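The next block is entry.cif, given as mmCIF, C-alpha atoms (C1' of nucleotides).
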```cif
data_protein
#
loop_
_atom_site.label_atom_id
_atom_site.label_comp_id
_atom_site.auth_asym_id
_atom_site.auth_seq_id
_atom_site.Cartn_x
_atom_site.Cartn_y
_atom_site.Cartn_z
CA MET A 29 6.56 8.22 23.47
CA SER A 30 5.04 10.63 20.99
CA ALA A 31 1.35 11.21 20.38
CA PRO A 32 -0.44 8.58 18.32
CA ARG A 33 -0.34 9.17 14.61
CA THR A 34 -2.73 8.13 11.89
CA TRP A 35 -2.11 5.92 8.88
CA LEU A 36 -4.01 4.56 5.93
CA LEU A 37 -3.60 0.92 4.94
CA LYS A 38 -4.87 -0.40 1.65
CA SER A 39 -6.19 -3.88 1.15
CA GLU A 40 -8.17 -5.52 -1.58
CA PRO A 41 -11.29 -6.78 0.17
CA GLU A 42 -11.31 -9.93 -1.95
CA THR A 43 -7.97 -10.72 -0.39
CA TYR A 44 -8.47 -9.31 3.10
CA SER A 45 -11.37 -7.07 4.11
CA ILE A 46 -12.32 -5.15 7.23
CA ALA A 47 -14.77 -7.98 7.91
CA ASP A 48 -11.87 -10.44 7.87
CA LEU A 49 -10.03 -8.27 10.38
CA GLN A 50 -13.12 -8.11 12.56
CA LYS A 51 -13.33 -11.89 12.49
CA ASP A 52 -9.61 -12.33 13.22
CA GLY A 53 -9.36 -9.58 15.81
CA THR A 54 -5.72 -8.96 14.98
CA THR A 55 -3.50 -9.73 12.01
CA TRP A 56 0.10 -9.20 10.96
CA TRP A 57 0.17 -6.86 7.96
CA GLU A 58 2.14 -9.28 5.82
CA GLY A 59 2.99 -9.09 2.17
CA VAL A 60 4.07 -5.47 1.87
CA ARG A 61 6.94 -5.45 -0.63
CA ASN A 62 7.58 -1.78 -1.10
CA TYR A 63 10.44 -0.11 0.73
CA GLN A 64 8.68 3.14 1.48
CA ALA A 65 5.71 1.30 2.96
CA ARG A 66 8.04 -1.00 4.89
CA ASN A 67 9.95 1.94 6.30
CA PHE A 68 6.79 3.52 7.63
CA MET A 69 5.94 0.27 9.42
CA MET A 70 9.47 -0.35 10.63
CA GLN A 71 10.57 3.11 11.61
CA GLU A 72 7.54 5.21 12.32
CA MET A 73 4.51 3.21 13.37
CA GLN A 74 3.92 2.84 17.08
CA VAL A 75 1.52 0.77 19.10
CA GLY A 76 -1.64 2.80 19.51
CA ASP A 77 -1.43 4.58 16.16
CA GLN A 78 -4.78 4.90 14.43
CA ILE A 79 -5.38 3.23 11.07
CA PHE A 80 -7.94 3.88 8.35
CA PHE A 81 -8.63 0.62 6.54
CA TYR A 82 -9.05 1.28 2.82
CA HIS A 83 -10.63 -1.12 0.37
CA SER A 84 -8.83 -0.89 -2.96
CA ASN A 85 -9.83 -2.55 -6.21
CA ALA A 86 -13.32 -2.70 -4.77
CA GLU A 87 -16.77 -1.65 -5.90
CA PRO A 88 -16.73 1.01 -4.74
CA PRO A 89 -13.25 1.67 -3.38
CA GLY A 90 -13.23 3.58 -0.10
CA LEU A 91 -12.60 3.75 3.62
CA ALA A 92 -14.12 0.73 5.29
CA GLY A 93 -13.24 1.06 8.94
CA LEU A 94 -10.79 1.74 11.71
CA ALA A 95 -7.98 -0.30 13.18
CA VAL A 96 -5.07 0.33 15.51
CA VAL A 97 -1.42 -0.71 15.60
CA SER A 98 -1.29 -3.46 18.20
CA ALA A 99 2.32 -4.66 18.03
CA PRO A 100 5.52 -3.16 16.65
CA ALA A 101 7.14 -4.29 13.41
CA GLN A 102 8.81 -7.66 13.24
CA PRO A 103 10.15 -9.68 10.30
CA ASP A 104 7.39 -10.70 7.89
CA ARG A 105 7.50 -14.47 8.06
CA THR A 106 6.04 -14.91 4.55
CA GLN A 107 9.36 -13.75 3.08
CA PHE A 108 10.97 -17.01 4.27
CA ASP A 109 8.22 -19.32 3.07
CA PRO A 110 8.91 -20.74 -0.42
CA LYS A 111 5.25 -21.61 -0.75
CA SER A 112 4.09 -18.07 -0.09
CA ASP A 113 3.31 -15.59 -2.86
CA PHE A 114 5.42 -13.19 -0.86
CA PHE A 115 8.51 -15.40 -0.66
CA ASP A 116 11.71 -13.40 -1.16
CA PRO A 117 14.67 -15.62 -2.00
CA LYS A 118 17.04 -12.71 -1.42
CA SER A 119 16.02 -12.25 2.18
CA THR A 120 17.75 -14.08 5.02
CA LYS A 121 16.77 -14.71 8.62
CA SER A 122 19.88 -12.96 9.86
CA ALA A 123 19.08 -9.91 7.76
CA PRO A 124 15.37 -9.92 7.00
CA ARG A 125 14.34 -7.52 4.32
CA TRP A 126 10.61 -7.16 5.07
CA PHE A 127 8.88 -6.18 8.28
CA CYS A 128 5.26 -5.75 9.28
CA VAL A 129 3.26 -4.48 12.22
CA GLN A 130 0.30 -6.16 13.84
CA VAL A 131 -3.05 -4.42 13.56
CA ARG A 132 -6.22 -4.83 15.60
CA PHE A 133 -9.81 -4.26 14.50
CA VAL A 134 -11.52 -1.23 15.98
CA ARG A 135 -14.67 -0.74 14.00
CA ASP A 136 -16.41 -1.15 10.69
CA PHE A 137 -17.87 2.02 9.20
CA ARG A 138 -21.58 1.42 8.93
CA ASN A 139 -21.39 3.04 5.53
CA LEU A 140 -18.15 2.76 3.60
CA ILE A 141 -16.85 6.20 2.67
CA PRO A 142 -16.40 5.97 -1.09
CA LEU A 143 -13.34 7.34 -2.82
CA SER A 144 -15.67 9.54 -4.85
CA THR A 145 -16.85 11.24 -1.66
CA LEU A 146 -13.29 11.89 -0.56
CA LYS A 147 -12.51 13.39 -3.95
CA GLN A 148 -15.41 15.80 -3.68
CA ASP A 149 -14.22 17.24 -0.37
CA LYS A 150 -11.98 20.22 -1.08
CA ARG A 151 -10.45 19.98 2.41
CA LEU A 152 -8.95 16.64 1.41
CA LYS A 153 -7.37 17.67 -1.85
CA ASP A 154 -3.86 17.27 -0.39
CA LEU A 155 -4.55 13.81 1.03
CA LEU A 156 -1.90 11.45 -0.32
CA LEU A 157 -4.52 8.90 -1.30
CA LEU A 158 -6.02 11.37 -3.75
CA GLN A 159 -2.83 12.35 -5.51
CA ARG A 160 -2.49 11.33 -9.10
CA GLY A 161 -0.65 8.09 -9.69
CA GLN A 162 0.06 7.39 -6.05
CA ARG A 163 -0.19 3.75 -5.09
CA LEU A 164 1.61 3.46 -1.79
CA SER A 165 -0.20 0.89 0.34
CA VAL A 166 0.88 2.34 3.68
CA GLN A 167 0.42 6.09 3.95
CA PRO A 168 0.66 8.67 6.73
CA VAL A 169 -2.48 10.73 7.33
CA PRO A 170 -1.84 14.19 8.79
CA PRO A 171 -3.96 15.06 11.86
CA LYS A 172 -6.08 17.65 10.05
CA HIS A 173 -7.06 15.07 7.45
CA ALA A 174 -7.61 12.37 10.04
CA GLN A 175 -10.06 14.63 11.82
CA ILE A 176 -12.03 15.26 8.63
CA LEU A 177 -12.11 11.57 7.77
CA LEU A 178 -13.42 10.69 11.23
CA GLN A 179 -16.07 13.36 10.80
CA LEU A 180 -17.14 11.85 7.48
CA ALA A 181 -17.27 8.47 9.17
CA GLY A 182 -19.67 9.86 11.73
CA GLU A 183 -17.35 9.70 14.73
"C1'" DG B 11 -10.38 -5.53 -19.60
"C1'" DC B 12 -7.80 -1.19 -20.31
"C1'" DC B 13 -4.15 1.54 -19.33
"C1'" DA B 14 -1.52 5.38 -16.87
"C1'" DA B 15 1.63 5.71 -13.35
"C1'" DC B 16 4.97 3.86 -10.78
"C1'" DG B 17 8.80 0.76 -8.70
"C1'" DT B 18 12.21 -2.66 -9.68
"C1'" DT B 19 15.49 -5.16 -12.39
"C1'" DG B 20 19.40 -5.91 -14.99
"C1'" DG B 21 22.39 -5.06 -19.09
"C1'" DC B 22 25.68 -1.99 -20.31
"C1'" DG C 30 24.89 5.35 -12.85
"C1'" DC C 31 21.74 5.27 -16.80
"C1'" DC C 32 17.67 3.76 -18.64
"C1'" DA C 33 14.72 0.42 -21.26
"C1'" DA C 34 11.97 -3.35 -20.23
"C1'" DC C 35 9.02 -5.38 -17.31
"C1'" DG C 36 5.64 -6.29 -13.63
"C1'" DT C 37 2.28 -4.29 -10.51
"C1'" DT C 38 -1.26 -1.18 -8.77
"C1'" DG C 39 -5.69 0.30 -8.86
"C1'" DG C 40 -9.31 3.44 -10.77
"C1'" DC C 41 -12.40 3.35 -14.29
#
```

Full structure transcribed into structure tokens:
Amino acid sequence: MSAPRTWLLKSEPETYSIADLQKDGTTWWEGVRNYQARNFMMQEMQVGDQIFFYHSNAEPPGLAGLAVVSAPAQPDRTQFDPKSDFFDPKSTKSAPRWFCVQVRFVRDFRNLIPLSTLKQDKRLKDLLLLQRGQRLSVQPVPPKHAQILLQLAGE
DNA sequence: GCCAACGTTGGC
DNA sequence: GCCAACGTTGGC
């Protein structure tokens, strides 16, 4: 078992916010339909990994809180549900295409850390989130960046 | 609402 | 395997 890693998960707060996660306690991170993001969840995330919860398409966008991986990846059940927006007719139960981990609420940042603040911090210029055109919804956060983000959050 | 950047699809 | 068309993401 390797040391816990850190990830960043994006969510549109109108769809699912850190407050929703706080209310639910845990949730399966369903609906990811990007192979790179899926592979991170399937192959690399481990129970206990730290998660920064990012509010995208928000006013303002930014880091909203902390969560933790609470169960390893399993098939995303929305892919089999014809009524779901995330239904994938090409996926089968014997060979599911999409997987998701379970995440548990840890804490809400008292003050959201706006994207604009992250952009101003020179130490974060290599952070994947800040790279031009990137839109991956599940991203690894290297330890040195994780430490800075926690600092900004007042941990 | 705009639009740049990106991933996926499907014809060839 | 190429690549144009299309749909989506997400900041502004």

Checklist entry - For chain A against chain B, which residues fall within 9 Å using only C-alpha atoms (C1' of nucleotides), given as an MDAnalysis selection string? => result chainID A and resid 62 160:163

Take the residues that were just selected and, keeping C-alpha atoms, output them as a CSV table (one decimal), keeping the file's coordinate frame.
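Here's the written file selection.csv:
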```
chain,number,residue,atom,x,y,z
A,62,ASN,CA,7.6,-1.8,-1.1
A,160,ARG,CA,-2.5,11.3,-9.1
A,161,GLY,CA,-0.6,8.1,-9.7
A,162,GLN,CA,0.1,7.4,-6.0
A,163,ARG,CA,-0.2,3.8,-5.1
```

Item to check | Gap from atom CA of A:Val169 to atom CA of A:Leu36 - Å, one decimal | outcome: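 Result for atom CA of A:Val169 versus atom CA of A:Leu36: 6.5 Å, one decimal.
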
Next on the checklist: I'd like the neighbourhood of A:His83 as a VMD selection string, where a residue qualifies if any of its atoms comes within 7 Å (using all atoms listed in the file), though same-chain residues fewer than 6 positions away should be ignored.
Outcome noted: chain A and resid 38 to 41 89 to 92

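Remark: for A:Gln130, the closest of the candidate residues A:Ala95, A:Leu155, A:Ala181, A:Ala47 is A:Ala95 (distances computed over only C-alpha atoms).
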
Checklist entry - To one decimal place, how far is atom CA of A:Ser119 from atom CA of A:Arg61 in Å? => result 11.7 Å

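Distance-wise, atom CA of A:Phe133 and atom CA of A:Leu152 end up 24.7 Å apart.
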
Selection result of the PyMOL selection byres ((chain A and resi 182) around 12) on this file, as an mmCIF file with C-alpha atoms, in the coordinates of the input:
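Dumped everything to expr09.cif:
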```
data_model
loop_
_atom_site.group_PDB
_atom_site.id
_atom_site.type_symbol
_atom_site.label_atom_id
_atom_site.label_comp_id
_atom_site.auth_asym_id
_atom_site.auth_seq_id
_atom_site.Cartn_x
_atom_site.Cartn_y
_atom_site.Cartn_z
ATOM 1 C CA GLY A 93 -13.240 1.060 8.940
ATOM 2 C CA ARG A 135 -14.670 -0.740 14.000
ATOM 3 C CA ASP A 136 -16.410 -1.150 10.690
ATOM 4 C CA PHE A 137 -17.870 2.020 9.200
ATOM 5 C CA ARG A 138 -21.580 1.420 8.930
ATOM 6 C CA ASN A 139 -21.390 3.040 5.530
ATOM 7 C CA LEU A 140 -18.150 2.760 3.600
ATOM 8 C CA ILE A 141 -16.850 6.200 2.670
ATOM 9 C CA GLN A 175 -10.060 14.630 11.820
ATOM 10 C CA ILE A 176 -12.030 15.260 8.630
ATOM 11 C CA LEU A 177 -12.110 11.570 7.770
ATOM 12 C CA LEU A 178 -13.420 10.690 11.230
ATOM 13 C CA GLN A 179 -16.070 13.360 10.800
ATOM 14 C CA LEU A 180 -17.140 11.850 7.480
ATOM 15 C CA ALA A 181 -17.270 8.470 9.170
ATOM 16 C CA GLU A 183 -17.350 9.700 14.730
#
```

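Non-sequential neighbours of A:Lys121 (distance at most 9 Å, separation of 2 or more positions within a chain, all atoms listed in the file) are Pro103, Phe108, Ser119, Ala123, Pro124 and Arg125 of chain A.
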
Item to check | Reference answer for the PyMOL selection byres ((chain A and resi 32) around 6), as a count of residues only | outcome: 3

Checklist entry - Got a sec to check which residues sit within 8 Å of (-9.8, -6.9, 12.7), counting all atoms listed in the file, and write them as a PyMOL selection string? => result chain A and resi 46-55+95+131-135

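Proximity ranking of A:Ser98, A:Ser84, A:Thr43, A:Thr34 relative to A:Cys128 places A:Ser98 first, based on only C-alpha atoms.
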
Next on the checklist: Between A:Pro110, A:Ser30, A:Trp57, A:Ser45, which residue has the minimum interatomic distance to A:Gln74, considering all atoms listed in the file?
Outcome noted: A:Ser30

Next on the checklist: With distances taken over all atoms listed in the file, which residue among A:Pro88, A:Leu157, A:Pro171, A:Pro117 lies nearest A:Ser144?
Outcome noted: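 Of the candidates, the smallest distance to A:Ser144 is held by A:Pro88.
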